[in-house]
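Following: one structure in structure tokens, then a few remarks.
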Amino acid sequence: MSNELDLNEQLEYEKGYHWRDIAISVLVFGVFEVLSLLCQGKLFKFSFCSSIFAGTFSALWAVFIGYMVGVYFFTKKKMATFRRIKYNYPVRLEDGRMFAGIAAGGFLGGFLQGIIGVGSGNTMVAAMLFLGIDAKVTSATSGYQIVFIGLSSTIEALANNELTWLEVGWFFSICFILGGILTFFMYKLLQKSEKGPKIILIIILALCVICIAGVAPSIYFTSKNYGWPFMLDIQKSFCSI
């Protein structure tokens, strides 16, 4: 009887908006963003060759590794609960290789986004599809993560005085508000179609191809406007930053 009640509670939970989980995601993002800005000397200035940098950078990695280990054990416990209440969850996230594959895809996506400005969504989507995760789940997960990746990039650009609040407001209005409205109606439309998952998969693959193809023009115009030295050379020594 207890298992049936737990299963009904889980099914009801799946129907609603997961505000508690969203709040936890925002809190975790805030902690790591503050640690990241601290390591870069944005909150207070210090040399990258100083003991302060070594300490803050080590603290960031310690918190990150601890967080990943905690998430893995929490996931194992959650999946064990799902099996106990006979809740059909299609992916065995408690499997070490599956969890490591998803984590590696997310880490590589974030790394590429930080280095060349594109690739986070493509990498995460490719990793999740390769691991057999449903196309709709893949699309939703990638979209949710990109919100935080974009927010992090925006904060970094503002901290480096590379963006103004006017530019941020303009692109936010176009990408987030207009894009969110269009995504909502598209999702409702595809939800009623039997071919919805296939159409979503085709859209995801097409967007991946478009994003990959967009890297070459981005590199070309950057080199044309600023020159190759701008892209390849570090203008000042590491310790002077």
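To be explicit about the labels: the chains of the structure tokens are called A, B, and onward in the order shown, and within each one the residues are counted from 1, while ligands get numbers from 1 in the order they are shown.
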
*Name the residues in contact with Val125 in chain A at a cut-off of 8 Å, using only C-alpha atoms, excluding same-chain residues fewer than 2 positions from it; report them as a list in words.*
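Listed by chain and then number, they are Gly121, Asn122, Thr123, Ala127, Met128, Leu129, Thr138, Ser139, Ser142 and Ile204 of chain A.
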
The selected residues should be written to file as a PDB file, in the first residue's frame (atoms: N, CA and C atoms).
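Output below, filename part.pdb:
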```pdb
ATOM      1  N   GLY A 121      25.394  22.953 -26.451  1.00  0.00           N
ATOM      2  CA  GLY A 121      24.165  22.222 -26.739  1.00  0.00           C
ATOM      3  C   GLY A 121      24.423  21.018 -27.628  1.00  0.00           C
ATOM      4  N   ASN A 122      25.243  21.207 -28.670  1.00  0.00           N
ATOM      5  CA  ASN A 122      25.544  20.104 -29.591  1.00  0.00           C
ATOM      6  C   ASN A 122      26.178  18.935 -28.867  1.00  0.00           C
ATOM      7  N   THR A 123      27.147  19.233 -28.016  1.00  0.00           N
ATOM      8  CA  THR A 123      27.877  18.178 -27.312  1.00  0.00           C
ATOM      9  C   THR A 123      26.979  17.429 -26.346  1.00  0.00           C
ATOM     10  N   ALA A 127      25.876  13.499 -26.714  1.00  0.00           N
ATOM     11  CA  ALA A 127      26.194  12.550 -25.642  1.00  0.00           C
ATOM     12  C   ALA A 127      24.943  11.824 -25.159  1.00  0.00           C
ATOM     13  N   MET A 128      23.857  12.570 -24.942  1.00  0.00           N
ATOM     14  CA  MET A 128      22.637  11.956 -24.417  1.00  0.00           C
ATOM     15  C   MET A 128      21.974  11.044 -25.436  1.00  0.00           C
ATOM     16  N   LEU A 129      21.956  11.457 -26.713  1.00  0.00           N
ATOM     17  CA  LEU A 129      21.387  10.590 -27.743  1.00  0.00           C
ATOM     18  C   LEU A 129      22.220   9.325 -27.905  1.00  0.00           C
ATOM     19  N   THR A 138      16.167  14.665 -24.021  1.00  0.00           N
ATOM     20  CA  THR A 138      17.426  15.281 -24.445  1.00  0.00           C
ATOM     21  C   THR A 138      17.247  16.749 -24.776  1.00  0.00           C
ATOM     22  N   SER A 139      16.213  17.048 -25.551  1.00  0.00           N
ATOM     23  CA  SER A 139      15.947  18.435 -25.939  1.00  0.00           C
ATOM     24  C   SER A 139      15.656  19.310 -24.730  1.00  0.00           C
ATOM     25  N   SER A 142      18.882  19.724 -22.510  1.00  0.00           N
ATOM     26  CA  SER A 142      19.838  20.632 -23.152  1.00  0.00           C
ATOM     27  C   SER A 142      19.366  22.083 -23.057  1.00  0.00           C
ATOM     28  N   ILE A 204      16.537  18.726 -33.643  1.00  0.00           N
ATOM     29  CA  ILE A 204      17.776  18.756 -32.868  1.00  0.00           C
ATOM     30  C   ILE A 204      18.987  18.549 -33.768  1.00  0.00           C
TER      31      ILE A 204
END
```

If you count only C-alpha atoms, which residues fall within 12 Å of Val26 in chain A, apart from same-chain ones fewer than 6 positions away, as a PDB file with C-alpha atoms, in the first residue's frame?
```pdb
ATOM      1  CA  TRP A  19       9.856  24.603  -8.601  1.00  0.00           C
ATOM      2  CA  ARG A  20      11.873  23.029  -5.795  1.00  0.00           C
ATOM      3  CA  PHE A  32      29.667  27.979  -8.586  1.00  0.00           C
ATOM      4  CA  GLU A  33      29.381  31.313 -10.381  1.00  0.00           C
ATOM      5  CA  TYR A 144      17.424  23.861 -19.457  1.00  0.00           C
ATOM      6  CA  GLN A 145      21.214  23.668 -19.138  1.00  0.00           C
ATOM      7  CA  VAL A 147      19.860  28.814 -19.797  1.00  0.00           C
ATOM      8  CA  PHE A 148      22.541  28.590 -17.104  1.00  0.00           C
ATOM      9  CA  ILE A 149      25.416  28.375 -19.617  1.00  0.00           C
ATOM     10  CA  LEU A 151      23.662  33.297 -18.038  1.00  0.00           C
ATOM     11  CA  SER A 152      27.192  32.399 -16.968  1.00  0.00           C
TER      12      SER A 152
END
```

_Using only C-alpha atoms for the distances, tell me which of A:Lys136, A:Ser47, A:Ala100, A:Gly55 is nearest to Ile202 in chain A._
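Going through A:Lys136, A:Ser47, A:Ala100, A:Gly55 one by one, the smallest distance to Ile202 in chain A is for A:Lys136.
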
*Using only C-alpha atoms, which residue out of A:Arg84, A:Ala23, A:Ala206, A:Met68 lies closest to Gly106 in chain A?*
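Once distances to Gly106 in chain A are computed over only C-alpha atoms, the minimum belongs to A:Met68.
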
_I'd like to know which of A:Leu27, A:Lys15, A:Lys42, A:Ile181 is closest to Asn160 in chain A, using only C-alpha atoms._
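The shortest atom-to-atom distance to Asn160 in chain A comes from A:Lys42.
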
_Would you compute the distance between CA of Glu9 in chain A and CA of Pro90 in chain A? Give it in Å to one decimal._
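Separation between CA of Glu9 in chain A and CA of Pro90 in chain A: 18.4 Å.
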
*Using only C-alpha atoms, pick whichever of A:Ser36, A:Thr75, A:Thr81, A:Gln113 has the shortest atom-to-atom distance to Leu60 in chain A.*
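Residue with the minimum atom-to-atom distance to Leu60 in chain A: A:Ser36.
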
*Run DSSP on the backbone and give me the residues of range 14-123 of chain A it puts in alpha helix (DSSP H), as a VMD selection string.*
chain A and resid 14 to 15 19 to 39 51 to 84 96 to 116 120 to 123

So that I have them on file, write out the residues from the current selection with C-alpha atoms, as a short mmCIF file (atom, residue, chain, number, x, y, z; two decimals), in the first residue's frame.
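Okay, this is what ended up in part30.cif:
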```cif
data_model
loop_
_atom_site.label_atom_id
_atom_site.label_comp_id
_atom_site.auth_asym_id
_atom_site.auth_seq_id
_atom_site.Cartn_x
_atom_site.Cartn_y
_atom_site.Cartn_z
CA GLU A 14 5.74 14.67 -12.66
CA LYS A 15 2.62 16.50 -13.87
CA TRP A 19 9.86 24.60 -8.60
CA ARG A 20 11.87 23.03 -5.80
CA ASP A 21 14.32 21.46 -8.24
CA ILE A 22 14.56 24.71 -10.19
CA ALA A 23 15.33 26.62 -6.98
CA ILE A 24 18.07 24.13 -6.11
CA SER A 25 19.54 24.48 -9.63
CA VAL A 26 19.62 28.28 -9.30
CA LEU A 27 21.27 28.02 -5.86
CA VAL A 28 23.95 25.61 -7.12
CA PHE A 29 24.57 27.83 -10.15
CA GLY A 30 24.96 30.86 -7.89
CA VAL A 31 27.51 29.12 -5.66
CA PHE A 32 29.67 27.98 -8.59
CA GLU A 33 29.38 31.31 -10.38
CA VAL A 34 30.58 33.19 -7.29
CA LEU A 35 33.49 30.74 -6.89
CA SER A 36 34.34 31.15 -10.58
CA LEU A 37 34.36 34.96 -10.37
CA LEU A 38 36.43 34.71 -7.20
CA CYS A 39 39.03 32.52 -8.95
CA SER A 51 48.76 31.84 -3.44
CA ILE A 52 45.26 33.37 -3.38
CA PHE A 53 44.60 32.08 -6.90
CA ALA A 54 45.95 28.63 -6.01
CA GLY A 55 43.71 28.50 -2.94
CA THR A 56 40.52 29.70 -4.65
CA PHE A 57 41.08 27.49 -7.70
CA SER A 58 41.71 24.44 -5.50
CA ALA A 59 38.57 25.26 -3.50
CA LEU A 60 36.52 25.47 -6.71
CA TRP A 61 37.69 22.03 -7.85
CA ALA A 62 37.18 20.51 -4.40
CA VAL A 63 33.60 21.82 -4.25
CA PHE A 64 32.96 20.68 -7.84
CA ILE A 65 34.25 17.14 -7.26
CA GLY A 66 32.36 16.89 -3.97
CA TYR A 67 29.21 18.10 -5.70
CA MET A 68 29.51 15.52 -8.51
CA VAL A 69 30.07 12.68 -6.03
CA GLY A 70 27.08 13.86 -3.99
CA VAL A 71 24.86 14.03 -7.09
CA TYR A 72 25.89 10.49 -8.09
CA PHE A 73 24.99 8.98 -4.71
CA PHE A 74 21.76 11.00 -4.58
CA THR A 75 20.88 9.67 -8.05
CA LYS A 76 21.59 6.07 -6.97
CA LYS A 77 19.28 6.51 -3.99
CA LYS A 78 16.58 8.10 -6.16
CA MET A 79 16.74 5.29 -8.74
CA ALA A 80 16.53 2.68 -5.98
CA THR A 81 13.36 4.42 -4.75
CA PHE A 82 11.91 4.35 -8.27
CA ARG A 83 12.50 0.60 -8.50
CA ARG A 84 10.94 0.04 -5.08
CA GLY A 96 28.43 4.40 -13.31
CA ARG A 97 29.24 4.44 -17.02
CA MET A 98 25.94 6.09 -17.91
CA PHE A 99 26.40 8.77 -15.24
CA ALA A 100 30.04 9.34 -16.28
CA GLY A 101 29.02 9.63 -19.95
CA ILE A 102 26.40 12.29 -19.18
CA ALA A 103 28.82 14.17 -16.90
CA ALA A 104 31.57 14.02 -19.54
CA GLY A 105 29.20 15.35 -22.21
CA GLY A 106 28.18 18.24 -19.97
CA PHE A 107 31.78 19.03 -18.99
CA LEU A 108 33.01 18.94 -22.61
CA GLY A 109 30.07 21.09 -23.72
CA GLY A 110 30.85 23.70 -21.07
CA PHE A 111 34.54 23.62 -21.98
CA LEU A 112 33.85 24.19 -25.69
CA GLN A 113 31.40 26.99 -24.88
CA GLY A 114 34.02 28.71 -22.79
CA ILE A 115 36.78 28.34 -25.40
CA ILE A 116 35.04 29.03 -28.74
CA SER A 120 27.62 23.22 -25.50
CA GLY A 121 24.17 22.22 -26.74
CA ASN A 122 25.54 20.10 -29.59
CA THR A 123 27.88 18.18 -27.31
#
```

*Nearest to Phe176 in chain A by atom-to-atom distance, counting only C-alpha atoms, from A:Leu93, A:Ile146, A:Leu189, A:Glu12*: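 Among A:Leu93, A:Ile146, A:Leu189, A:Glu12, it is A:Ile146 that comes nearest to Phe176 in chain A.
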